[in-house]
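Here's start.cif, which has mmCIF, C-alpha atoms and all ligand atoms:
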data_final
#
loop_
_atom_site.group_PDB
_atom_site.id
_atom_site.type_symbol
_atom_site.label_atom_id
_atom_site.label_comp_id
_atom_site.auth_asym_id
_atom_site.auth_seq_id
_atom_site.Cartn_x
_atom_site.Cartn_y
_atom_site.Cartn_z
ATOM 1 C CA MET A 1 -2.281 5.793 -4.941
ATOM 2 C CA LYS A 2 -2.704 7.342 -8.376
ATOM 3 C CA SER A 3 -3.873 10.581 -6.739
ATOM 4 C CA ILE A 4 -0.877 10.667 -4.383
ATOM 5 C CA GLY A 5 1.434 9.863 -7.304
ATOM 6 C CA GLY A 6 -0.193 12.679 -9.278
ATOM 7 C CA ALA A 7 0.319 15.141 -6.411
ATOM 8 C CA LEU A 8 4.009 14.146 -6.236
ATOM 9 C CA GLU A 9 4.419 14.419 -10.016
ATOM 10 C CA ALA A 10 2.898 17.906 -9.877
ATOM 11 C CA ARG A 11 5.699 18.764 -7.431
ATOM 12 C CA GLY A 12 8.296 17.654 -10.000
ATOM 13 C CA HIS A 13 9.009 14.099 -8.798
ATOM 14 C CA ARG A 14 9.246 11.117 -11.143
ATOM 15 C CA VAL A 15 6.803 8.411 -10.112
ATOM 16 C CA GLU A 16 6.669 4.756 -11.155
ATOM 17 C CA TYR A 17 3.591 2.611 -10.484
ATOM 18 C CA HIS A 18 3.536 -1.159 -9.946
ATOM 19 C CA LYS A 19 0.105 -2.687 -9.572
ATOM 20 C CA LEU A 20 0.140 -5.893 -7.527
ATOM 21 C CA GLU A 21 -2.431 -7.862 -9.478
ATOM 22 C CA ALA A 22 -2.941 -11.605 -9.282
ATOM 23 C CA LYS A 23 -2.346 -13.617 -12.454
ATOM 24 C CA ARG A 24 -5.706 -15.257 -11.811
ATOM 25 C CA PRO A 25 -7.990 -12.637 -10.235
ATOM 26 C CA MET A 26 -9.917 -13.883 -7.194
ATOM 27 C CA GLY A 27 -13.503 -13.140 -6.231
ATOM 28 C CA TRP A 28 -14.255 -11.340 -2.952
ATOM 29 C CA PHE A 29 -14.736 -14.536 -0.954
ATOM 30 C CA ALA A 30 -11.509 -16.158 -2.197
ATOM 31 C CA SER A 31 -9.552 -12.911 -1.587
ATOM 32 C CA GLY A 32 -10.883 -12.659 1.956
ATOM 33 C CA TRP A 33 -10.112 -16.303 2.652
ATOM 34 C CA ALA A 34 -6.593 -16.040 1.147
ATOM 35 C CA ALA A 35 -5.908 -12.936 3.274
ATOM 36 C CA LEU A 36 -7.193 -14.624 6.431
ATOM 37 C CA ARG A 37 -4.938 -17.639 5.776
ATOM 38 C CA LYS A 38 -1.944 -15.316 5.068
ATOM 39 C CA LYS A 39 -1.576 -16.768 1.568
ATOM 40 C CA GLU A 40 0.385 -15.286 -1.336
ATOM 41 C CA ALA A 41 -0.838 -14.921 -4.933
ATOM 42 C CA ASP A 42 1.016 -15.353 -8.238
ATOM 43 C CA LEU A 43 1.398 -11.843 -9.597
ATOM 44 C CA ALA A 44 0.758 -10.804 -13.191
ATOM 45 C CA GLU A 45 3.714 -8.380 -13.121
ATOM 46 C CA ASP A 46 7.266 -8.978 -11.839
ATOM 47 C CA ILE A 47 8.224 -7.220 -8.597
ATOM 48 C CA PRO A 48 11.147 -4.750 -8.973
ATOM 49 C CA LYS A 49 14.397 -6.666 -8.303
ATOM 50 C CA ASN A 50 15.797 -3.946 -6.068
ATOM 51 C CA LEU A 51 14.665 -0.685 -4.522
ATOM 52 C CA ARG A 52 17.996 1.136 -4.531
ATOM 53 C CA MET A 53 17.007 3.522 -7.322
ATOM 54 C CA TYR A 54 13.881 4.711 -5.474
ATOM 55 C CA GLU A 55 14.105 7.525 -2.945
ATOM 56 C CA LEU A 56 10.648 6.780 -1.587
ATOM 57 C CA VAL A 57 8.562 3.615 -1.833
ATOM 58 C CA LEU A 58 4.807 3.838 -1.219
ATOM 59 C CA ILE A 59 2.985 0.624 -0.416
ATOM 60 C CA ALA A 60 -0.798 0.392 -0.321
ATOM 61 C CA GLY A 61 -3.321 -2.380 -0.013
ATOM 62 C CA PRO A 62 -6.844 -3.096 1.198
ATOM 63 C CA VAL A 63 -7.747 -4.470 4.608
ATOM 64 C CA LEU A 64 -9.304 -7.883 3.937
ATOM 65 C CA ALA A 65 -10.695 -9.702 6.964
ATOM 66 C CA GLY A 66 -8.373 -7.533 9.058
ATOM 67 C CA LYS A 67 -5.295 -8.721 7.112
ATOM 68 C CA THR A 68 -3.128 -7.843 4.102
ATOM 69 C CA SER A 69 -4.222 -9.142 0.693
ATOM 70 C CA ALA A 70 -2.545 -12.188 -0.848
ATOM 71 C CA GLU A 71 -1.172 -9.930 -3.625
ATOM 72 C CA LEU A 72 0.480 -7.632 -1.078
ATOM 73 C CA ASN A 73 1.797 -10.655 0.859
ATOM 74 C CA THR A 74 3.660 -11.757 -2.276
ATOM 75 C CA PHE A 75 5.445 -8.404 -2.376
ATOM 76 C CA LEU A 76 6.065 -8.057 1.375
ATOM 77 C CA ASN A 77 7.255 -11.641 1.877
ATOM 78 C CA ASN A 78 9.648 -11.438 -1.076
ATOM 79 C CA MET A 79 10.626 -7.844 -0.684
ATOM 80 C CA PRO A 80 13.837 -6.689 -2.311
ATOM 81 C CA ASP A 81 16.440 -5.196 0.036
ATOM 82 C CA GLY A 82 14.980 -1.975 1.444
ATOM 83 C CA ILE A 83 17.993 -0.923 3.529
ATOM 84 C CA GLY A 84 18.019 2.831 4.022
ATOM 85 C CA ARG A 85 15.004 3.380 1.740
ATOM 86 C CA ARG A 86 12.162 5.584 2.950
ATOM 87 C CA PHE A 87 8.661 4.098 2.896
ATOM 88 C CA GLY A 88 5.113 5.372 3.173
ATOM 89 C CA VAL A 89 2.578 2.678 3.990
ATOM 90 C CA PHE A 90 -1.169 2.871 3.388
ATOM 91 C CA ALA A 91 -4.224 0.788 4.096
ATOM 92 C CA THR A 92 -7.587 1.231 2.423
ATOM 93 C CA SER A 93 -10.441 -0.003 4.519
ATOM 94 C CA GLY A 94 -14.216 -0.296 4.443
ATOM 95 C CA THR A 95 -15.672 0.645 7.788
ATOM 96 C CA GLY A 96 -13.280 -1.139 10.132
ATOM 97 C CA GLY A 97 -9.897 -0.177 11.554
ATOM 98 C CA ALA A 98 -6.604 -1.009 9.872
ATOM 99 C CA GLU A 99 -4.188 -1.154 12.834
ATOM 100 C CA GLY A 100 -3.408 -4.877 12.545
ATOM 101 C CA GLN A 101 -2.959 -4.741 8.799
ATOM 102 C CA LEU A 102 -0.685 -1.667 8.986
ATOM 103 C CA ARG A 103 1.353 -3.267 11.772
ATOM 104 C CA SER A 104 1.842 -6.321 9.601
ATOM 105 C CA ILE A 105 3.025 -4.219 6.613
ATOM 106 C CA LYS A 106 5.345 -2.138 8.786
ATOM 107 C CA SER A 107 7.019 -5.103 10.449
ATOM 108 C CA ARG A 108 7.836 -6.658 7.065
ATOM 109 C CA VAL A 109 9.128 -3.355 5.646
ATOM 110 C CA GLU A 110 11.309 -2.843 8.715
ATOM 111 C CA ARG A 111 12.598 -6.413 8.493
ATOM 112 C CA ALA A 112 13.740 -5.616 4.938
ATOM 113 C CA GLY A 113 15.676 -2.609 6.314
ATOM 114 C CA GLY A 114 13.170 0.083 5.370
ATOM 115 C CA PHE A 115 12.568 3.312 7.259
ATOM 116 C CA ILE A 116 8.880 4.283 7.610
ATOM 117 C CA ILE A 117 8.288 8.006 7.292
ATOM 118 C CA TYR A 118 4.504 7.968 6.929
ATOM 119 C CA GLU A 119 1.541 5.689 7.566
ATOM 120 C CA ASP A 120 -2.110 6.279 6.951
ATOM 121 C CA THR A 121 -5.496 4.667 6.482
ATOM 122 C CA VAL A 122 -7.827 5.814 3.738
ATOM 123 C CA LYS A 123 -11.468 4.812 4.029
ATOM 124 C CA ARG A 124 -13.086 3.421 0.884
ATOM 125 C CA GLN A 125 -15.669 6.209 1.063
ATOM 126 C CA ILE A 126 -12.922 8.840 0.666
ATOM 127 C CA ALA A 127 -11.099 6.899 -2.062
ATOM 128 C CA MET A 128 -14.377 6.828 -4.058
ATOM 129 C CA ASP A 129 -14.995 10.586 -3.749
ATOM 130 C CA LEU A 130 -12.872 12.281 -6.442
ATOM 131 C CA HIS A 131 -12.824 15.709 -4.809
ATOM 132 C CA GLU A 132 -12.094 14.422 -1.299
ATOM 133 C CA CYS A 133 -9.526 11.984 -2.672
ATOM 134 C CA GLY A 134 -7.650 14.789 -4.459
ATOM 135 C CA ARG A 135 -7.674 16.962 -1.331
ATOM 136 C CA ARG A 136 -6.407 14.106 0.834
ATOM 137 C CA ALA A 137 -3.718 13.246 -1.742
ATOM 138 C CA GLU A 138 -2.397 16.829 -1.587
ATOM 139 C CA GLU A 139 -2.189 16.639 2.232
ATOM 140 C CA ILE A 140 -0.414 13.285 2.062
ATOM 141 C CA ALA A 141 2.079 14.528 -0.556
ATOM 142 C CA GLU A 142 2.898 17.487 1.752
ATOM 143 C CA GLN A 143 3.466 15.071 4.650
ATOM 144 C CA LEU A 144 5.644 12.752 2.545
ATOM 145 C CA MET A 145 7.842 15.675 1.504
ATOM 146 C CA ARG A 146 8.124 17.288 4.956
ATOM 147 C CA PRO A 147 11.715 18.489 5.132
ATOM 148 C CA TRP A 148 12.708 16.942 8.474
ATOM 149 C CA VAL A 149 12.455 13.379 7.177
ATOM 150 C CA TRP A 150 14.736 14.128 4.190
HETATM 151 C C1 LIG B 201 -13.381 -10.117 1.386
HETATM 152 C C2 LIG B 201 -13.317 -8.725 1.924
HETATM 153 C C3 LIG B 201 -12.987 -8.519 3.257
HETATM 154 C C4 LIG B 201 -12.915 -7.222 3.801
HETATM 155 N N1 LIG B 201 -12.583 -7.063 5.103
HETATM 156 C C5 LIG B 201 -12.522 -5.819 5.615
HETATM 157 C C6 LIG B 201 -12.156 -5.621 6.990
HETATM 158 O O1 LIG B 201 -11.872 -6.563 7.740
HETATM 159 N N2 LIG B 201 -12.137 -4.354 7.467
HETATM 160 C C7 LIG B 201 -12.444 -3.256 6.669
HETATM 161 O O2 LIG B 201 -12.416 -2.128 7.147
HETATM 162 N N3 LIG B 201 -12.754 -3.420 5.361
HETATM 163 C C8 LIG B 201 -12.809 -4.661 4.813
HETATM 164 N N4 LIG B 201 -13.132 -4.821 3.492
HETATM 165 C C9 LIG B 201 -13.329 -3.633 2.666
HETATM 166 C C10 LIG B 201 -12.059 -3.320 1.864
HETATM 167 O O3 LIG B 201 -10.965 -3.026 2.715
HETATM 168 C C11 LIG B 201 -12.302 -2.116 0.919
HETATM 169 O O4 LIG B 201 -13.332 -2.457 0.053
HETATM 170 C C12 LIG B 201 -11.084 -1.810 0.118
HETATM 171 O O5 LIG B 201 -10.061 -1.319 0.926
HETATM 172 C C13 LIG B 201 -11.357 -0.756 -0.952
HETATM 173 O O6 LIG B 201 -10.558 -1.065 -1.995
HETATM 174 P P1 LIG B 201 -11.240 -1.484 -3.401
HETATM 175 O O7 LIG B 201 -11.763 -0.175 -3.954
HETATM 176 O O8 LIG B 201 -10.108 -2.066 -4.149
HETATM 177 O O9 LIG B 201 -12.334 -2.445 -3.040
HETATM 178 C C14 LIG B 201 -13.213 -6.106 2.959
HETATM 179 C C15 LIG B 201 -13.539 -6.312 1.612
HETATM 180 C C16 LIG B 201 -13.603 -7.595 1.087
HETATM 181 C C17 LIG B 201 -13.947 -7.781 -0.366
#

Could you render the structure as structure tokens?
Amino acid sequence: MKSIGGALEARGHRVEYHKLEAKRPMGWFASGWAALRKKEADLAEDIPKNLRMYELVLIAGPVLAGKTSAELNTFLNNMPDGIGRRFGVFATSGTGGAEGQLRSIKSRVERAGGFIIYEDTVKRQIAMDLHECGRRAEEIAEQLMRPWVW
């Protein structure tokens, strides 16, 4: 997300980052179990109260046991009004697919009134490769800014 944010900032946009971190960080087993059970987590940082001041909201989270993380569930299940806001949604995954997880994010964004203009899956392998990550971020920034969705 930082790379995509950087690519947007380089194009003159103001970007704000909110990391969805649990107050009490979980180990890999507990995070997988919490995701599988569709749990939420107490977040260390408050969620923005409304999204009206944002022209574009980007949401990203890992695929855990084929589901959204508990941290992301806290945001998606308590999402501020997203009516008329544009959203880009992202999944990071290991080796598996992310269709179910993305579908689950999209349905909650749409329920909050959001309008999805972009969705993508980024494999962990690409996210770990600085050069590839930067290249991909540039492509994604171009897609997010494509004139016909604005
Ligand atoms: C408990 C657990 C379950 C996971 N389940 C999946 C999965 O079902 N499918 C998949 O493609 N990747 C899975 N992964 C890999 C993560 O999606 C991947 O590591 C993550 O997106 C990369 O983000 P990170 O750098 O924060 O770890 C799992 C990872 C953990 C720790």

query: Restricting the calculation to all atoms listed in the file, which member of A:Pro147, A:Gly88, A:Gly94, A:Pro48 is positioned closest to Asp120 (chain A)?
result: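 Closest candidate: A:Gly88.
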
Could you expand the PyMOL selection byres (((not hetatm)) within 12 of (chain B and resi 201)) into the explicit residues it covers here, written as a PDB file with C-alpha atoms, in the coordinates of the input?
ATOM      1  CA  MET A   1      -2.281   5.793  -4.941  1.00  0.00           C
ATOM      2  CA  LYS A  19       0.105  -2.687  -9.572  1.00  0.00           C
ATOM      3  CA  LEU A  20       0.140  -5.893  -7.527  1.00  0.00           C
ATOM      4  CA  GLU A  21      -2.431  -7.862  -9.478  1.00  0.00           C
ATOM      5  CA  MET A  26      -9.917 -13.883  -7.194  1.00  0.00           C
ATOM      6  CA  GLY A  27     -13.503 -13.140  -6.231  1.00  0.00           C
ATOM      7  CA  TRP A  28     -14.255 -11.340  -2.952  1.00  0.00           C
ATOM      8  CA  PHE A  29     -14.736 -14.536  -0.954  1.00  0.00           C
ATOM      9  CA  ALA A  30     -11.509 -16.158  -2.197  1.00  0.00           C
ATOM     10  CA  SER A  31      -9.552 -12.911  -1.587  1.00  0.00           C
ATOM     11  CA  GLY A  32     -10.883 -12.659   1.956  1.00  0.00           C
ATOM     12  CA  TRP A  33     -10.112 -16.303   2.652  1.00  0.00           C
ATOM     13  CA  ALA A  34      -6.593 -16.040   1.147  1.00  0.00           C
ATOM     14  CA  ALA A  35      -5.908 -12.936   3.274  1.00  0.00           C
ATOM     15  CA  LEU A  36      -7.193 -14.624   6.431  1.00  0.00           C
ATOM     16  CA  ALA A  60      -0.798   0.392  -0.321  1.00  0.00           C
ATOM     17  CA  GLY A  61      -3.321  -2.380  -0.013  1.00  0.00           C
ATOM     18  CA  PRO A  62      -6.844  -3.096   1.198  1.00  0.00           C
ATOM     19  CA  VAL A  63      -7.747  -4.470   4.608  1.00  0.00           C
ATOM     20  CA  LEU A  64      -9.304  -7.883   3.937  1.00  0.00           C
ATOM     21  CA  ALA A  65     -10.695  -9.702   6.964  1.00  0.00           C
ATOM     22  CA  GLY A  66      -8.373  -7.533   9.058  1.00  0.00           C
ATOM     23  CA  LYS A  67      -5.295  -8.721   7.112  1.00  0.00           C
ATOM     24  CA  THR A  68      -3.128  -7.843   4.102  1.00  0.00           C
ATOM     25  CA  SER A  69      -4.222  -9.142   0.693  1.00  0.00           C
ATOM     26  CA  ALA A  70      -2.545 -12.188  -0.848  1.00  0.00           C
ATOM     27  CA  GLU A  71      -1.172  -9.930  -3.625  1.00  0.00           C
ATOM     28  CA  PHE A  90      -1.169   2.871   3.388  1.00  0.00           C
ATOM     29  CA  ALA A  91      -4.224   0.788   4.096  1.00  0.00           C
ATOM     30  CA  THR A  92      -7.587   1.231   2.423  1.00  0.00           C
ATOM     31  CA  SER A  93     -10.441  -0.003   4.519  1.00  0.00           C
ATOM     32  CA  GLY A  94     -14.216  -0.296   4.443  1.00  0.00           C
ATOM     33  CA  THR A  95     -15.672   0.645   7.788  1.00  0.00           C
ATOM     34  CA  GLY A  96     -13.280  -1.139  10.132  1.00  0.00           C
ATOM     35  CA  GLY A  97      -9.897  -0.177  11.554  1.00  0.00           C
ATOM     36  CA  ALA A  98      -6.604  -1.009   9.872  1.00  0.00           C
ATOM     37  CA  GLU A  99      -4.188  -1.154  12.834  1.00  0.00           C
ATOM     38  CA  GLY A 100      -3.408  -4.877  12.545  1.00  0.00           C
ATOM     39  CA  GLN A 101      -2.959  -4.741   8.799  1.00  0.00           C
ATOM     40  CA  LEU A 102      -0.685  -1.667   8.986  1.00  0.00           C
ATOM     41  CA  THR A 121      -5.496   4.667   6.482  1.00  0.00           C
ATOM     42  CA  VAL A 122      -7.827   5.814   3.738  1.00  0.00           C
ATOM     43  CA  LYS A 123     -11.468   4.812   4.029  1.00  0.00           C
ATOM     44  CA  ARG A 124     -13.086   3.421   0.884  1.00  0.00           C
ATOM     45  CA  GLN A 125     -15.669   6.209   1.063  1.00  0.00           C
ATOM     46  CA  ILE A 126     -12.922   8.840   0.666  1.00  0.00           C
ATOM     47  CA  ALA A 127     -11.099   6.899  -2.062  1.00  0.00           C
ATOM     48  CA  MET A 128     -14.377   6.828  -4.058  1.00  0.00           C
ATOM     49  CA  ASP A 129     -14.995  10.586  -3.749  1.00  0.00           C
TER      50      ASP A 129
END

field: Å distance separating CA of Arg37 (chain A) from CA of His18 (chain A), one decimal place
entry: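 CA of His18 (chain A) lies 24.3 Å from CA of Arg37 (chain A).
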
task: Excluding Ala41 (chain A) and any residue of its chain fewer than 2 positions from it, enumerate the residues within 8 Å of it, using only C-alpha atoms, and give them as a PyMOL selection string.
output: chain A and resi 22-23+39+43+70-71+73-74

statement: Atom pair CA of Ile47 (chain A) + CA of Met79 (chain A), distance 8.3 Å

message: With 12 Å as the threshold, what does the neighbourhood of (22.5, -4.7, -6.1) contain in terms of residues, counting only C-alpha atoms? Coordinates are those of the file; answer as a VMD selection string.
response: chain A and resid 48 to 53 80 to 83

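With CA of Arg11 (chain A) on one side and CA of Ile59 (chain A) on the other, the separation reads 19.6 Å.
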
field: the PyMOL selection byres (((chain A and resi 138) around 12) and not hetatm) resolved against shown file, as a ChimeraX atom specification
entry: /A:1-11,131-137,139-145

- request: Starting from the shown file, work through the PyMOL selection byres (((chain A and resi 55) around 7) and not hetatm) and note down what comes out as number ranges by chain.
  value: A: 53-54, 56-57, 85-86

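Closest to Asp42 (chain A) among A:Val15, A:Arg103, A:Phe75, A:Leu58 is A:Phe75, based on all atoms listed in the file.
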
To box region 6-10 of chain A, take all atoms listed in the file, fit an axis-aligned box, add 4 Å on each side, and give centre and edge lengths in Å to one decimal, as JSON.
{"center_x": 2.1, "center_y": 15.3, "center_z": -8.1, "size_x": 12.6, "size_y": 13.2, "size_z": 11.8}

query: Given the choices A:Ile117, A:Leu76, A:Ala112, A:Val149, which gets closest to Val89 (chain A) if the distance is worked out from only C-alpha atoms?
result: A:Ile117

message: I'd like to know which of A:Glu16, A:Glu119, A:Asp46, A:Glu40 is closest to Phe87 (chain A), using only C-alpha atoms.
response: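 Among the listed residues, the smallest separation from Phe87 (chain A) belongs to A:Glu119.
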
Since the input has fewer atoms than a full residue there, write region 42-70 of chain A out with N, CA and C atoms, as a CSV table (one decimal), in the coordinates of the input.
chain,number,residue,atom,x,y,z
A,42,ASP,N,0.1,-15.5,-7.1
A,42,ASP,CA,1.0,-15.4,-8.2
A,42,ASP,C,0.7,-14.0,-8.9
A,43,LEU,N,1.7,-13.2,-9.1
A,43,LEU,CA,1.4,-11.8,-9.6
A,43,LEU,C,1.6,-11.8,-11.1
A,44,ALA,N,0.7,-11.0,-11.7
A,44,ALA,CA,0.8,-10.8,-13.2
A,44,ALA,C,2.0,-10.1,-13.6
A,45,GLU,N,2.5,-9.2,-12.8
A,45,GLU,CA,3.7,-8.4,-13.1
A,45,GLU,C,4.9,-8.7,-12.2
A,46,ASP,N,6.1,-8.7,-12.7
A,46,ASP,CA,7.3,-9.0,-11.8
A,46,ASP,C,7.4,-7.8,-10.8
A,47,ILE,N,7.9,-8.2,-9.6
A,47,ILE,CA,8.2,-7.2,-8.6
A,47,ILE,C,9.6,-6.6,-8.9
A,48,PRO,N,9.8,-5.3,-8.7
A,48,PRO,CA,11.1,-4.8,-9.0
A,48,PRO,C,12.2,-5.6,-8.2
A,49,LYS,N,13.4,-5.8,-8.9
A,49,LYS,CA,14.4,-6.7,-8.3
A,49,LYS,C,15.1,-6.0,-7.1
A,50,ASN,N,15.3,-4.6,-7.2
A,50,ASN,CA,15.8,-3.9,-6.1
A,50,ASN,C,15.2,-2.6,-6.0
A,51,LEU,N,15.3,-2.0,-4.8
A,51,LEU,CA,14.7,-0.7,-4.5
A,51,LEU,C,15.7,0.5,-4.4
A,52,ARG,N,16.9,0.2,-4.7
A,52,ARG,CA,18.0,1.1,-4.5
A,52,ARG,C,17.8,2.4,-5.3
A,53,MET,N,17.2,2.3,-6.5
A,53,MET,CA,17.0,3.5,-7.3
A,53,MET,C,15.8,4.4,-6.9
A,54,TYR,N,15.0,3.9,-5.9
A,54,TYR,CA,13.9,4.7,-5.5
A,54,TYR,C,14.2,5.5,-4.2
A,55,GLU,N,13.9,6.7,-4.2
A,55,GLU,CA,14.1,7.5,-2.9
A,55,GLU,C,13.0,7.3,-1.9
A,56,LEU,N,11.8,7.0,-2.4
A,56,LEU,CA,10.6,6.8,-1.6
A,56,LEU,C,9.8,5.7,-2.2
A,57,VAL,N,9.4,4.7,-1.4
A,57,VAL,CA,8.6,3.6,-1.8
A,57,VAL,C,7.2,3.7,-1.1
A,58,LEU,N,6.1,3.8,-1.8
A,58,LEU,CA,4.8,3.8,-1.2
A,58,LEU,C,4.1,2.5,-1.4
A,59,ILE,N,3.6,1.9,-0.3
A,59,ILE,CA,3.0,0.6,-0.4
A,59,ILE,C,1.5,0.8,0.1
A,60,ALA,N,0.6,0.3,-0.7
A,60,ALA,CA,-0.8,0.4,-0.3
A,60,ALA,C,-1.5,-0.9,-0.6
A,61,GLY,N,-2.5,-1.2,0.2
A,61,GLY,CA,-3.3,-2.4,0.0
A,61,GLY,C,-4.6,-2.3,0.8
A,62,PRO,N,-5.6,-3.1,0.4
A,62,PRO,CA,-6.8,-3.1,1.2
A,62,PRO,C,-6.8,-3.9,2.5
A,63,VAL,N,-7.6,-3.6,3.4
A,63,VAL,CA,-7.7,-4.5,4.6
A,63,VAL,C,-8.8,-5.5,4.2
A,64,LEU,N,-8.4,-6.8,4.2
A,64,LEU,CA,-9.3,-7.9,3.9
A,64,LEU,C,-9.4,-8.8,5.2
A,65,ALA,N,-10.5,-8.9,5.7
A,65,ALA,CA,-10.7,-9.7,7.0
A,65,ALA,C,-9.6,-9.3,8.0
A,66,GLY,N,-9.3,-8.0,8.1
A,66,GLY,CA,-8.4,-7.5,9.1
A,66,GLY,C,-6.9,-7.8,8.7
A,67,LYS,N,-6.7,-8.3,7.5
A,67,LYS,CA,-5.3,-8.7,7.1
A,67,LYS,C,-4.9,-8.1,5.8
A,68,THR,N,-3.6,-8.3,5.4
A,68,THR,CA,-3.1,-7.8,4.1
A,68,THR,C,-3.6,-8.8,3.0
A,69,SER,N,-3.8,-8.3,1.8
A,69,SER,CA,-4.2,-9.1,0.7
A,69,SER,C,-3.1,-10.1,0.3
A,70,ALA,N,-3.5,-11.2,-0.4
A,70,ALA,CA,-2.5,-12.2,-0.8
A,70,ALA,C,-1.6,-11.5,-1.8
